[in-house]
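Visitor: This is start-v2.tsv (TSV, C-alpha atoms).
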chain	number	residue	atom	x	y	z
A	299	MET	CA	125.37	95.88	80.43
A	300	ASN	CA	123.98	95.38	83.93
A	301	ARG	CA	122.59	98.91	83.89
A	302	ALA	CA	120.89	98.25	80.55
A	303	ARG	CA	119.32	95.07	81.90
A	304	THR	CA	118.15	96.88	85.02
A	305	GLY	CA	116.61	99.64	82.90
A	306	ARG	CA	114.73	97.15	80.73
A	307	ARG	CA	113.54	95.28	83.78
A	308	LEU	CA	112.29	98.44	85.44
A	309	SER	CA	110.55	99.60	82.26
A	310	LEU	CA	108.72	96.29	81.95
A	311	HIS	CA	107.72	96.33	85.60
A	312	GLY	CA	106.44	99.85	85.10
A	313	LEU	CA	103.81	98.61	82.64
A	314	PRO	CA	100.33	97.87	83.96
A	315	LEU	CA	99.32	94.24	84.26
A	316	ARG	CA	97.16	94.53	81.14
A	317	GLY	CA	100.13	95.78	79.13
A	318	ARG	CA	102.41	93.03	80.43
A	319	LEU	CA	99.87	90.33	79.58
A	320	THR	CA	99.40	91.78	76.10
A	321	LEU	CA	103.14	92.02	75.53
A	322	MET	CA	103.72	88.50	76.78
A	323	THR	CA	100.92	87.03	74.66
A	324	THR	CA	102.05	88.88	71.53
A	325	THR	CA	105.66	87.87	72.05
A	326	VAL	CA	104.75	84.22	72.49
A	327	PHE	CA	102.58	84.33	69.37
A	328	ALA	CA	105.36	86.02	67.34
A	329	VAL	CA	108.01	83.52	68.48
A	330	LEU	CA	105.82	80.49	67.81
A	331	GLY	CA	104.66	81.96	64.50
A	332	SER	CA	108.28	82.55	63.43
A	333	GLY	CA	109.14	78.98	64.33
A	334	LEU	CA	106.15	77.69	62.37
A	335	LEU	CA	107.13	79.88	59.40
A	336	LEU	CA	110.69	78.53	59.45
A	337	LEU	CA	109.51	74.93	59.62
A	338	ASN	CA	107.02	75.55	56.81
A	339	TRP	CA	109.73	77.10	54.60
A	340	LEU	CA	112.13	74.22	55.25
A	341	SER	CA	109.37	71.69	54.58
A	342	ALA	CA	108.48	73.39	51.28
A	343	ARG	CA	112.11	73.36	50.15
A	344	GLN	CA	112.44	69.70	51.08
A	345	LEU	CA	109.22	68.86	49.24
A	346	LEU	CA	110.47	70.58	46.10
A	347	LYS	CA	113.71	68.63	46.23
A	348	ASP	CA	111.92	65.35	46.84
A	349	ASN	CA	109.58	65.93	43.89
A	350	ARG	CA	112.23	67.23	41.49
A	351	HIS	CA	111.93	64.18	39.26
A	352	ARG	CA	108.26	64.99	38.70
A	353	ILE	CA	108.97	68.56	37.64
A	354	GLU	CA	112.08	68.18	35.42
A	355	PRO	CA	110.59	65.91	32.63
A	356	GLU	CA	107.96	68.50	31.80
A	357	SER	CA	110.67	71.11	31.67
A	358	VAL	CA	112.78	68.92	29.39
A	359	LEU	CA	109.96	68.27	26.95
A	360	ALA	CA	109.07	71.89	26.58
A	361	PRO	CA	111.99	72.91	24.32
A	362	ALA	CA	111.72	69.70	22.23
A	363	GLN	CA	108.10	70.46	21.39
A	364	THR	CA	108.96	73.97	20.44
A	365	GLU	CA	111.85	73.34	18.02
A	366	PRO	CA	112.01	76.07	15.34
A	367	SER	CA	111.04	75.15	11.80
A	368	PRO	CA	113.72	74.99	9.16
A	369	THR	CA	112.24	77.98	7.43
A	370	ALA	CA	112.23	80.05	10.59
A	371	THR	CA	114.47	83.01	10.60
A	372	PRO	CA	116.40	83.59	13.84
A	373	GLN	CA	115.33	86.83	15.50
A	374	GLY	CA	118.34	87.23	17.76
A	375	PRO	CA	121.39	85.66	19.14
A	376	SER	CA	121.10	82.08	20.18
A	377	ILE	CA	120.80	81.22	23.93
A	378	PRO	CA	123.50	78.96	25.27
A	379	ALA	CA	122.30	75.54	26.16
A	380	SER	CA	123.79	75.81	29.70
A	381	LEU	CA	121.37	78.61	30.57
A	382	THR	CA	118.30	76.64	29.56
A	383	SER	CA	119.29	73.35	31.11
A	384	PRO	CA	116.66	71.50	33.19
A	385	ALA	CA	118.74	71.84	36.40
A	386	GLN	CA	119.02	75.62	36.00
A	387	ARG	CA	115.32	75.99	35.28
A	388	PHE	CA	114.50	73.96	38.38
A	389	GLU	CA	116.75	76.10	40.57
A	390	ASP	CA	115.07	79.25	39.27
A	391	PHE	CA	111.65	77.76	39.86
A	392	GLN	CA	112.55	76.68	43.41
A	393	HIS	CA	114.04	80.07	44.26
A	394	THR	CA	110.98	81.89	42.99
A	395	VAL	CA	108.54	79.66	44.88
A	396	LEU	CA	110.46	79.78	48.17
A	397	SER	CA	111.00	83.55	47.98
A	398	ASP	CA	107.32	84.20	47.36
A	399	LEU	CA	106.36	81.77	50.12
A	400	LEU	CA	108.71	83.47	52.61
A	401	LEU	CA	107.52	86.98	51.73
A	402	ARG	CA	103.84	86.10	51.96
A	403	SER	CA	104.38	84.18	55.19
A	404	LEU	CA	106.19	87.14	56.77
A	405	LEU	CA	103.39	89.49	55.77
A	406	LEU	CA	100.76	87.12	57.16
A	407	LEU	CA	102.78	86.69	60.36
A	408	ALA	CA	102.99	90.46	60.85
A	409	VAL	CA	99.24	90.88	60.28
A	410	PHE	CA	98.26	88.05	62.59
A	411	THR	CA	100.76	89.17	65.26
A	412	ALA	CA	99.13	92.61	65.31
A	413	LEU	CA	95.73	90.95	65.46
A	414	ALA	CA	96.92	88.73	68.31
A	415	GLY	CA	98.10	91.84	70.19
A	416	LEU	CA	94.70	93.49	69.83
A	417	LEU	CA	92.87	90.34	70.89
A	418	ALA	CA	95.24	89.91	73.83
A	419	TRP	CA	94.57	93.50	74.93
A	420	TRP	CA	90.82	93.00	74.63
A	421	GLY	CA	90.89	89.66	76.42
A	422	SER	CA	93.10	90.91	79.25
A	423	SER	CA	90.86	93.96	79.65
A	424	ARG	CA	87.80	91.76	80.07
A	425	SER	CA	89.63	89.42	82.42
A	426	LEU	CA	91.03	92.24	84.56
A	427	HIS	CA	87.80	94.24	84.66
A	428	ARG	CA	86.49	92.20	87.58
A	429	LEU	CA	89.85	92.50	89.30
A	430	SER	CA	89.56	96.27	88.88
A	431	GLN	CA	86.15	96.04	90.55
A	432	VAL	CA	87.75	94.27	93.51
A	433	THR	CA	90.46	96.94	93.76
A	434	ALA	CA	87.97	99.83	93.52
A	435	ALA	CA	85.67	98.29	96.12
A	436	ALA	CA	88.58	97.57	98.47
A	437	ARG	CA	89.79	101.16	98.13
A	438	ARG	CA	86.28	102.48	98.73
A	439	ILE	CA	85.81	100.32	101.82
A	440	SER	CA	89.23	101.21	103.21
A	441	THR	CA	88.49	104.94	103.01
A	442	GLY	CA	85.01	104.57	104.50
A	443	SER	CA	84.02	104.59	108.14
A	444	THR	CA	82.17	101.26	108.22
A	445	LEU	CA	82.74	97.70	107.10
A	446	ASP	CA	79.19	96.89	106.04
A	447	GLU	CA	79.88	97.01	102.28
A	448	ARG	CA	80.70	93.80	100.42
A	449	LEU	CA	82.01	93.04	96.93
A	450	GLY	CA	79.40	90.42	96.01
A	451	LEU	CA	81.10	89.44	92.75
A	452	THR	CA	79.08	87.56	90.15
A	453	GLY	CA	80.09	85.73	87.04
A	454	PRO	CA	82.15	82.59	86.48
A	455	HIS	CA	83.68	80.80	89.44
A	456	ASP	CA	87.25	81.70	88.63
A	457	GLU	CA	90.23	82.96	90.61
A	458	VAL	CA	88.92	86.55	90.66
A	459	ARG	CA	85.61	85.51	92.18
A	460	GLU	CA	87.44	83.35	94.70
A	461	LEU	CA	89.52	86.40	95.65
A	462	GLY	CA	86.37	88.49	96.04
A	463	ASN	CA	84.67	85.86	98.20
A	464	THR	CA	87.77	85.61	100.39
A	465	PHE	CA	87.81	89.39	100.77
A	466	ASP	CA	84.12	89.41	101.74
A	467	THR	CA	84.75	86.69	104.33
A	468	MET	CA	87.58	88.73	105.83
A	469	LEU	CA	85.34	91.82	105.98
A	470	ASP	CA	82.63	89.78	107.73
A	471	ARG	CA	85.06	88.67	110.42
A	472	LEU	CA	86.47	92.18	110.88
A	473	ASP	CA	82.99	93.68	111.05
A	474	ARG	CA	81.86	91.17	113.67
A	475	SER	CA	85.01	91.73	115.68
A	476	PHE	CA	84.78	95.51	115.66
A	477	THR	CA	81.05	95.47	116.34
A	478	ALA	CA	81.55	93.16	119.32
A	479	GLN	CA	84.33	95.40	120.63
A	480	ARG	CA	82.22	98.55	120.34
A	481	ARG	CA	79.23	96.80	121.89
A	482	PHE	CA	81.34	95.62	124.82
A	483	THR	CA	82.75	99.11	125.35
A	484	SER	CA	79.30	100.65	125.25
A	485	HIS	CA	77.72	98.08	127.58
A	486	ALA	CA	80.62	98.13	130.02
A	487	SER	CA	80.53	101.93	130.15
A	488	HIS	CA	76.79	101.93	130.79
A	489	GLU	CA	77.13	99.34	133.52
A	490	LEU	CA	79.91	101.28	135.25
A	491	ARG	CA	78.00	104.53	135.38
A	492	THR	CA	75.53	103.28	137.99
A	493	PRO	CA	78.05	102.17	140.64
A	494	LEU	CA	80.09	105.34	140.07
A	495	THR	CA	76.98	107.46	140.59
A	496	LEU	CA	76.21	105.57	143.80
A	497	GLN	CA	79.78	106.06	145.03
A	498	ARG	CA	79.68	109.77	144.30
A	499	THR	CA	76.35	110.12	146.11
A	500	ALA	CA	77.63	108.15	149.10
A	501	LEU	CA	80.61	110.51	149.37
A	502	GLU	CA	78.82	113.80	148.68
A	503	ILE	CA	75.95	113.37	151.15
A	504	PRO	CA	78.03	112.94	154.35
A	505	LEU	CA	80.47	115.59	153.13
A	506	ALA	CA	77.62	118.07	152.59
A	507	GLN	CA	76.02	117.20	155.93
A	508	GLY	CA	79.27	117.74	157.81
A	509	ARG	CA	79.41	114.18	159.10
A	510	VAL	CA	82.97	113.62	157.83
A	511	PRO	CA	85.77	114.33	160.32
A	512	ALA	CA	88.12	117.11	159.38
A	513	ASP	CA	91.11	114.80	159.07
A	514	LEU	CA	89.20	112.63	156.56
A	515	ARG	CA	87.90	115.45	154.42
A	516	PRO	CA	90.99	115.58	152.11
A	517	ALA	CA	90.75	111.83	151.48
A	518	VAL	CA	87.03	112.06	150.73
A	519	GLN	CA	87.66	114.97	148.38
A	520	ARG	CA	90.37	113.01	146.56
A	521	ALA	CA	87.95	110.12	146.22
A	522	LEU	CA	85.35	112.47	144.74
A	523	ASP	CA	87.92	113.82	142.28
A	524	ALA	CA	88.87	110.31	141.23
A	525	ASN	CA	85.19	109.46	140.86
A	526	ALA	CA	84.69	112.50	138.62
A	527	ARG	CA	87.65	111.50	136.44
A	528	SER	CA	86.22	107.99	136.11
A	529	GLU	CA	82.86	109.40	135.05
A	530	ARG	CA	84.53	111.59	132.43
A	531	LEU	CA	86.50	108.61	131.18
A	532	ILE	CA	83.35	106.51	130.85
A	533	ALA	CA	81.58	109.36	129.06
A	534	ALA	CA	84.52	109.58	126.65
A	535	LEU	CA	84.43	105.82	126.05
A	536	LEU	CA	80.71	106.00	125.31
A	537	THR	CA	81.31	108.86	122.88
A	538	LEU	CA	84.13	106.90	121.24
A	539	ALA	CA	81.97	103.80	120.85
A	540	ARG	CA	79.13	105.89	119.46
A	541	GLY	CA	81.46	107.72	117.09
A	542	GLU	CA	82.81	104.42	115.71
A	543	SER	CA	79.40	102.81	115.33
A	544	GLY	CA	78.63	104.55	112.04
A	545	GLN	CA	74.91	104.64	112.93
A	546	LEU	CA	73.96	108.28	112.58
A	547	THR	CA	70.82	110.28	112.02
A	548	PRO	CA	72.08	113.38	110.21
A	549	HIS	CA	70.78	116.81	111.19
A	550	PRO	CA	71.94	120.25	110.07
A	551	VAL	CA	74.70	121.56	112.33
A	552	ASP	CA	76.91	124.63	112.09
A	553	LEU	CA	80.47	124.14	113.33
A	554	LYS	CA	80.50	127.81	114.26
A	555	ASP	CA	77.84	127.13	116.90
A	556	ALA	CA	79.76	124.06	118.07
A	557	ALA	CA	82.87	126.23	118.56
A	558	ARG	CA	80.80	128.81	120.44
A	559	ASP	CA	79.48	126.15	122.85
A	560	ALA	CA	82.99	124.79	123.38
A	561	LEU	CA	84.27	128.27	124.21
A	562	ALA	CA	81.52	128.76	126.75
A	563	ASP	CA	82.27	125.40	128.42
A	564	LEU	CA	86.03	125.98	128.63
A	565	ALA	CA	86.11	129.72	129.35
A	566	ASP	CA	86.77	129.33	133.10
A	567	GLU	CA	89.43	126.67	132.58
A	568	ALA	CA	91.18	128.83	129.98
A	569	ARG	CA	91.17	131.87	132.29
A	570	THR	CA	92.57	129.82	135.15
A	571	ALA	CA	95.40	128.54	132.95
A	572	GLY	CA	96.01	131.98	131.46
A	573	ILE	CA	95.32	130.74	127.92
A	574	ARG	CA	94.40	133.47	125.43
A	575	ILE	CA	91.90	132.22	122.85
A	576	THR	CA	91.41	134.03	119.56
A	577	VAL	CA	88.36	133.17	117.45
A	578	ASP	CA	87.81	133.67	113.71
A	579	PRO	CA	84.24	132.39	113.16
A	580	ALA	CA	82.47	131.88	109.86
A	581	PRO	CA	79.44	129.73	108.98
A	582	ALA	CA	80.40	126.09	108.46
A	583	PRO	CA	77.20	124.12	107.80
A	584	VAL	CA	77.39	120.32	107.85
A	585	ALA	CA	74.99	117.42	108.29
A	586	GLY	CA	75.55	114.89	111.05
A	587	ASP	CA	74.95	114.01	114.66
A	588	PRO	CA	74.73	117.31	116.60
A	589	SER	CA	76.14	115.99	119.89
A	590	LEU	CA	79.07	114.24	118.20
A	591	LEU	CA	79.94	117.25	116.04
A	592	ARG	CA	79.89	119.50	119.09
A	593	GLN	CA	82.17	116.99	120.78
A	594	ILE	CA	84.72	117.57	118.00
A	595	ALA	CA	84.93	121.29	118.82
A	596	LEU	CA	84.93	120.65	122.58
A	597	ASN	CA	87.71	118.04	122.44
A	598	LEU	CA	89.89	120.06	120.08
A	599	LEU	CA	89.63	123.18	122.21
A	600	ALA	CA	90.12	121.20	125.44
A	601	ASN	CA	93.24	119.64	123.97
A	602	ALA	CA	94.51	123.10	122.96
A	603	VAL	CA	93.94	124.47	126.48
A	604	ARG	CA	95.24	121.54	128.51
A	605	HIS	CA	98.31	120.75	126.40
A	606	ASN	CA	99.65	124.28	126.44
A	607	HIS	CA	102.12	126.47	128.26
A	608	ARG	CA	101.13	128.71	131.10
A	609	ASP	CA	99.90	132.00	129.61
A	610	GLY	CA	99.89	130.40	126.16
A	611	ALA	CA	97.58	131.04	123.23
A	612	ALA	CA	95.02	129.15	121.15
A	613	THR	CA	93.11	129.93	117.97
A	614	VAL	CA	89.75	128.65	116.72
A	615	THR	CA	88.73	129.09	113.09
A	616	THR	CA	85.61	127.87	111.29
A	617	GLY	CA	84.44	128.31	107.71
A	618	THR	CA	84.07	126.67	104.32
A	619	VAL	CA	86.52	126.16	101.47
A	620	GLY	CA	86.21	124.10	98.31
A	621	GLY	CA	82.85	122.60	99.24
A	622	LEU	CA	84.08	121.52	102.68
A	623	ALA	CA	83.24	122.94	106.08
A	624	PHE	CA	86.11	123.04	108.53
A	625	ILE	CA	87.07	123.80	112.09
A	626	GLU	CA	90.72	124.44	112.84
A	627	VAL	CA	92.20	124.73	116.32
A	628	GLY	CA	95.81	125.69	116.98
A	629	ASN	CA	97.72	126.16	120.19
A	630	THR	CA	101.14	126.88	121.56
A	631	GLY	CA	102.89	124.22	123.60
A	632	PRO	CA	105.79	121.79	123.48
A	633	VAL	CA	107.62	121.20	120.22
A	634	LEU	CA	106.35	118.03	118.51
A	635	GLU	CA	108.10	115.91	115.94
A	636	PRO	CA	106.09	114.71	112.92
A	637	ASP	CA	106.58	111.05	113.87
A	638	GLU	CA	104.89	111.74	117.24
A	639	LEU	CA	101.58	112.80	115.69
A	640	PRO	CA	100.04	109.37	114.90
A	641	ALA	CA	100.34	108.28	118.54
A	642	LEU	CA	98.42	111.36	119.73
A	643	PHE	CA	95.27	110.09	118.01
A	644	GLU	CA	95.40	106.68	119.66
A	645	PRO	CA	93.26	106.02	122.76
A	646	PHE	CA	94.78	106.87	126.17
A	647	GLN	CA	97.62	108.97	124.73
A	648	ARG	CA	98.11	112.09	126.83
A	649	GLY	CA	101.30	113.48	125.30
A	650	ARG	CA	104.50	114.42	127.03
A	651	GLU	CA	102.94	117.30	128.99
A	652	HIS	CA	99.52	116.42	130.31
A	653	ARG	CA	97.27	117.20	133.21
A	654	SER	CA	95.74	114.71	135.56
A	655	ASP	CA	92.18	115.56	134.46
A	656	GLY	CA	92.71	114.29	130.91
A	657	SER	CA	91.54	110.84	129.83
A	658	GLY	CA	93.75	110.52	126.76
A	659	LEU	CA	90.71	109.92	124.54
A	660	GLY	CA	90.08	113.43	123.24
A	661	LEU	CA	91.82	113.24	119.87
A	662	ALA	CA	90.90	109.57	119.43
A	663	VAL	CA	87.24	110.58	119.77
A	664	VAL	CA	87.76	113.41	117.27
A	665	ARG	CA	89.26	111.00	114.75
A	666	ALA	CA	86.46	108.45	115.18
A	667	ILE	CA	83.72	111.07	114.76
A	668	THR	CA	85.46	112.58	111.73
A	669	LEU	CA	85.73	109.22	109.98
A	670	THR	CA	82.11	108.40	110.78
A	671	HIS	CA	81.04	111.66	109.13
A	672	HIS	CA	83.23	110.95	106.05
A	673	GLY	CA	85.56	113.81	106.87
A	674	GLU	CA	89.30	114.30	106.91
A	675	LEU	CA	91.51	115.03	109.90
A	676	THR	CA	94.94	116.63	109.57
A	677	ALA	CA	97.42	117.60	112.27
A	678	THR	CA	100.45	119.82	111.72
A	679	PRO	CA	103.13	120.57	114.33
A	680	ARG	CA	103.99	124.24	114.69
A	681	PRO	CA	107.66	125.18	114.29
A	682	ASP	CA	107.72	127.19	117.54
A	683	GLY	CA	105.82	124.53	119.49
A	684	GLY	CA	102.26	123.38	119.67
A	685	LEU	CA	99.86	121.78	117.24
A	686	THR	CA	97.30	122.76	114.61
A	687	VAL	CA	94.43	120.30	114.08
A	688	ARG	CA	91.98	120.75	111.20
A	689	VAL	CA	88.78	118.80	110.63
A	690	GLU	CA	87.09	119.03	107.22
A	691	LEU	CA	83.59	117.70	106.66
A	692	PRO	CA	81.31	117.69	103.60
A	693	THR	CA	79.29	120.88	103.63
A	694	THR	CA	75.53	121.06	103.29
A	695	GLN	CA	73.10	123.80	102.39
A	696	MET	CA	71.56	125.35	105.48
A	697	GLU	CA	69.64	128.47	106.19
A	698	GLN	CA	71.87	131.33	107.19
A	699	VAL	CA	72.41	131.11	110.92
A	700	PRO	CA	72.30	134.52	112.62
A	701	GLN	CA	75.52	135.80	114.15
A	702	SER	CA	75.88	134.34	117.61
A	703	PRO	CA	76.11	136.91	120.42
A	704	ALA	CA	78.88	134.86	122.01
A	705	PHE	CA	81.32	135.89	119.29
A	706	GLU	CA	80.36	139.52	119.64
A	707	ASN	CA	81.44	139.46	123.30
A	708	PRO	CA	85.06	140.67	123.54
A	709	THR	CA	85.63	138.67	126.72
A	710	LEU	CA	85.04	135.42	124.80
A	711	ARG	CA	86.70	136.63	121.64
A	712	ASN	CA	90.05	137.14	123.32
A	713	ILE	CA	90.06	135.27	126.62
What does the file become when written as structure tokens?
Guide:
Amino acid sequence: MNRARTGRRLSLHGLPLRGRLTLMTTTVFAVLGSGLLLLNWLSARQLLKDNRHRIEPESVLAPAQTEPSPTATPQGPSIPASLTSPAQRFEDFQHTVLSDLLLRSLLLLAVFTALAGLLAWWGSSRSLHRLSQVTAAARRISTGSTLDERLGLTGPHDEVRELGNTFDTMLDRLDRSFTAQRRFTSHASHELRTPLTLQRTALEIPLAQGRVPADLRPAVQRALDANARSERLIAALLTLARGESGQLTPHPVDLKDAARDALADLADEARTAGIRITVDPAPAPVAGDPSLLRQIALNLLANAVRHNHRDGAATVTTGTVGGLAFIEVGNTGPVLEPDELPALFEPFQRGREHRSDGSGLGLAVVRAITLTHHGELTATPRPDGGLTVRVELPTTQMEQVPQSPAFENPTLRNI
């Protein structure tokens, strides 16, 4: 019995809200209609009993007025007087009236219950249409890269509009908060670049002029290295703030060219680390910010080189599939568990094996730029160690870009 109740409960909960409202409304109408029918039938029976004295005299006079004439010849057997008594005729009359009343009432109840179900379905559909608008807009905003869209519901001031206004207010507060955070990051990064540049200049000039004692040269060099890391960190923060701003001027870009530039920038670092890079280029035209899209390729390849084993391998693939342009970068490295992947795309996450020159913002920047360009980012751990990251962006029609000489060079094709 408990299993049957659980099954019924689950089946009802599986219905959409519109179906549950319709079922509830129809059930209430059927129950109340049945109660009204029962009361009406009982009232009719009571009325017939109360007015019996008004019906019986007419029934009694009827046979007296129709007595047969003496000359009449009987046409059949005589009817016993008990069968044509006034009480029996009244019972037959009452039974006939109540039976017809019950049958017609049941038919009318069935018709109006079906009509009530249809009206309940129509009414719930109209009532839930605005709620569906709220759900669709919320889903669209949640999958977008900005928070500048609002519901702006119109119509009566009911609970649905109040929900929409509350949702818009929440979006306003979130938008202001995120905008202020990005603005602060951008302004702080800009302000820090000047003193860092002055510090680097103040260290490089005496070091180049030979005015630094030999015993202080290692300390000055360490200070210059720290200064360079700070400048790279600030540049990454600026890129992250720009990638999250959502303010883009789209231009045609080919991810194949972005991968070529990234290979050129990281060729020396890959050779030093003994990383072998294999490239499978194909045109991948997209529309977006050229510098940010090139940053995607640079950060993905830098992550593949720096988070790798000595004498490891990396692959870079670009192309189009299903109306989407993609760049996919894979590398060998430590074995990663699936539950470790989300943390890798958070700011300042360097992984378990990292080098001191990393800022921990590379994949976070990739994610921000991908979302801003309405793309999709997927990461898959490799069974033998390492990671494969794929970025898919909406493709655009571009003129065929000629084959880049960089990919024809065997030294870059298999570093």
Visitor: Counting all atoms listed in the file, which of A:Gln344, A:Leu406, A:His427, A:Glu389 gets nearest to A:Leu315?
Guide: A:His427
Visitor: Quick one: residues within 12 Å of A:Ala677, all atoms listed in the file counted, chain neighbours fewer than 3 positions away excluded, as a list in words?
Guide: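 Surrounding residues, per the criterion: Leu598, Glu626, Val627, Gly628, Asn629, Leu634, Glu635, Pro636, Asp637, Glu638, Leu639, Pro640, Ala641, Leu642, Phe643, Leu661, Val664, Arg665, Glu674, Arg680, Gly684, Leu685, Thr686, Val687, Arg688, Val689 and Glu690 of chain A.
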Visitor: Can you tell me, as a ChimeraX atom specification, what residues are no more than 9 Å from A:Ala436 when counting all atoms listed in the file, ignoring any on the same chain fewer than 5 positions away?
Guide: /A:431,441,448-449,465
Visitor: Filtering to C-alpha atoms, could you give me those residues as an mmCIF file, in the coordinates of the input?
Guide:
data_model
loop_
_atom_site.group_PDB
_atom_site.id
_atom_site.type_symbol
_atom_site.label_atom_id
_atom_site.label_comp_id
_atom_site.auth_asym_id
_atom_site.auth_seq_id
_atom_site.Cartn_x
_atom_site.Cartn_y
_atom_site.Cartn_z
ATOM 1 C CA GLN A 431 86.150 96.040 90.550
ATOM 2 C CA THR A 441 88.490 104.940 103.010
ATOM 3 C CA ARG A 448 80.700 93.800 100.420
ATOM 4 C CA LEU A 449 82.010 93.040 96.930
ATOM 5 C CA PHE A 465 87.810 89.390 100.770
#
Visitor: So which one's closest to A:Gly586, A:Leu451, A:Leu553, A:Val395, A:Ala524? Using only C-alpha atoms, please.
Guide: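 Looking at the shortest contact to A:Gly586, the residue is A:Leu553.
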Visitor: Could you check the closest approach to A:Thr464 for each of A:Leu399, A:Val432, A:Val577, A:Val409 and tell me which residue wins, using all atoms listed in the file?
Guide: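 Residue with the minimum atom-to-atom distance to A:Thr464: A:Val432.
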Visitor: Please build the interface table for stretch 388-420 of chain A against stretch 316-327 of chain A with a cut-off of 8 Å, listing for each qualifying residue the nearest atom pair and the distance in Å to one decimal; count all atoms listed in the file, order rows by chain and increasing number, and write it as JSON lines.
Guide:
{"residue": "A:Thr411", "atom": "CA", "partner": "A:Thr324", "partner_atom": "CA", "distance": 6.4}
{"residue": "A:Ala412", "atom": "CA", "partner": "A:Thr324", "partner_atom": "CA", "distance": 7.8}
{"residue": "A:Ala414", "atom": "CA", "partner": "A:Thr324", "partner_atom": "CA", "distance": 6.1}
{"residue": "A:Gly415", "atom": "CA", "partner": "A:Thr324", "partner_atom": "CA", "distance": 5.1}
{"residue": "A:Ala418", "atom": "CA", "partner": "A:Thr320", "partner_atom": "CA", "distance": 5.1}
{"residue": "A:Trp419", "atom": "CA", "partner": "A:Thr320", "partner_atom": "CA", "distance": 5.3}
Visitor: Enter the distance from atom CA of A:Arg343 to atom CA of A:Leu404, in Å, rounded to one decimal.
Guide: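 One can read the atom CA of A:Arg343 to atom CA of A:Leu404 distance as 16.4 Å.
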Visitor: Hey, can you check how far atom CA of A:Gln392 sits from atom CA of A:Leu346?
Guide: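 Calculated distance between atom CA of A:Gln392 and atom CA of A:Leu346 is 7.0 Å.
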Visitor: Mind rebuilding stretch 398-402 of chain A with all heavy atoms and writing that out as a PDB file, in the frame of the given file?
Guide:
ATOM      1  N   ASP A 398     108.705  83.734  47.221  1.00  0.00           N
ATOM      2  CA  ASP A 398     107.320  84.200  47.360  1.00  0.00           C
ATOM      3  C   ASP A 398     106.663  83.634  48.621  1.00  0.00           C
ATOM      4  O   ASP A 398     105.910  84.332  49.319  1.00  0.00           O
ATOM      5  CB  ASP A 398     106.514  83.783  46.125  1.00  0.00           C
ATOM      6  CG  ASP A 398     106.930  84.571  44.890  1.00  0.00           C
ATOM      7  OD1 ASP A 398     107.623  85.604  45.069  1.00  0.00           O
ATOM      8  OD2 ASP A 398     106.584  84.159  43.771  1.00  0.00           O
ATOM      9  N   LEU A 399     106.941  82.388  48.916  1.00  0.00           N
ATOM     10  CA  LEU A 399     106.360  81.770  50.120  1.00  0.00           C
ATOM     11  C   LEU A 399     106.856  82.475  51.377  1.00  0.00           C
ATOM     12  O   LEU A 399     106.068  82.760  52.299  1.00  0.00           O
ATOM     13  CB  LEU A 399     106.732  80.289  50.154  1.00  0.00           C
ATOM     14  CG  LEU A 399     106.265  79.515  51.397  1.00  0.00           C
ATOM     15  CD1 LEU A 399     104.745  79.502  51.479  1.00  0.00           C
ATOM     16  CD2 LEU A 399     106.820  78.092  51.379  1.00  0.00           C
ATOM     17  N   LEU A 400     108.162  82.787  51.439  1.00  0.00           N
ATOM     18  CA  LEU A 400     108.710  83.470  52.610  1.00  0.00           C
ATOM     19  C   LEU A 400     108.127  84.870  52.761  1.00  0.00           C
ATOM     20  O   LEU A 400     107.756  85.283  53.875  1.00  0.00           O
ATOM     21  CB  LEU A 400     110.237  83.528  52.489  1.00  0.00           C
ATOM     22  CG  LEU A 400     110.983  84.216  53.645  1.00  0.00           C
ATOM     23  CD1 LEU A 400     110.729  83.469  54.952  1.00  0.00           C
ATOM     24  CD2 LEU A 400     112.468  84.303  53.354  1.00  0.00           C
ATOM     25  N   LEU A 401     108.040  85.607  51.662  1.00  0.00           N
ATOM     26  CA  LEU A 401     107.520  86.980  51.730  1.00  0.00           C
ATOM     27  C   LEU A 401     106.061  86.997  52.184  1.00  0.00           C
ATOM     28  O   LEU A 401     105.677  87.763  53.081  1.00  0.00           O
ATOM     29  CB  LEU A 401     107.672  87.644  50.365  1.00  0.00           C
ATOM     30  CG  LEU A 401     107.137  89.078  50.263  1.00  0.00           C
ATOM     31  CD1 LEU A 401     107.856  89.998  51.246  1.00  0.00           C
ATOM     32  CD2 LEU A 401     107.256  89.598  48.843  1.00  0.00           C
ATOM     33  N   ARG A 402     105.263  86.132  51.592  1.00  0.00           N
ATOM     34  CA  ARG A 402     103.840  86.100  51.960  1.00  0.00           C
ATOM     35  C   ARG A 402     103.663  85.613  53.401  1.00  0.00           C
ATOM     36  O   ARG A 402     102.794  86.108  54.135  1.00  0.00           O
ATOM     37  CB  ARG A 402     103.078  85.212  50.997  1.00  0.00           C
ATOM     38  CG  ARG A 402     103.065  85.744  49.572  1.00  0.00           C
ATOM     39  CD  ARG A 402     102.267  84.854  48.640  1.00  0.00           C
ATOM     40  NE  ARG A 402     102.332  85.337  47.263  1.00  0.00           N
ATOM     41  CZ  ARG A 402     101.657  84.802  46.252  1.00  0.00           C
ATOM     42  NH1 ARG A 402     100.859  83.759  46.470  1.00  0.00           N
ATOM     43  NH2 ARG A 402     101.780  85.304  45.033  1.00  0.00           N
TER      44      ARG A 402
END
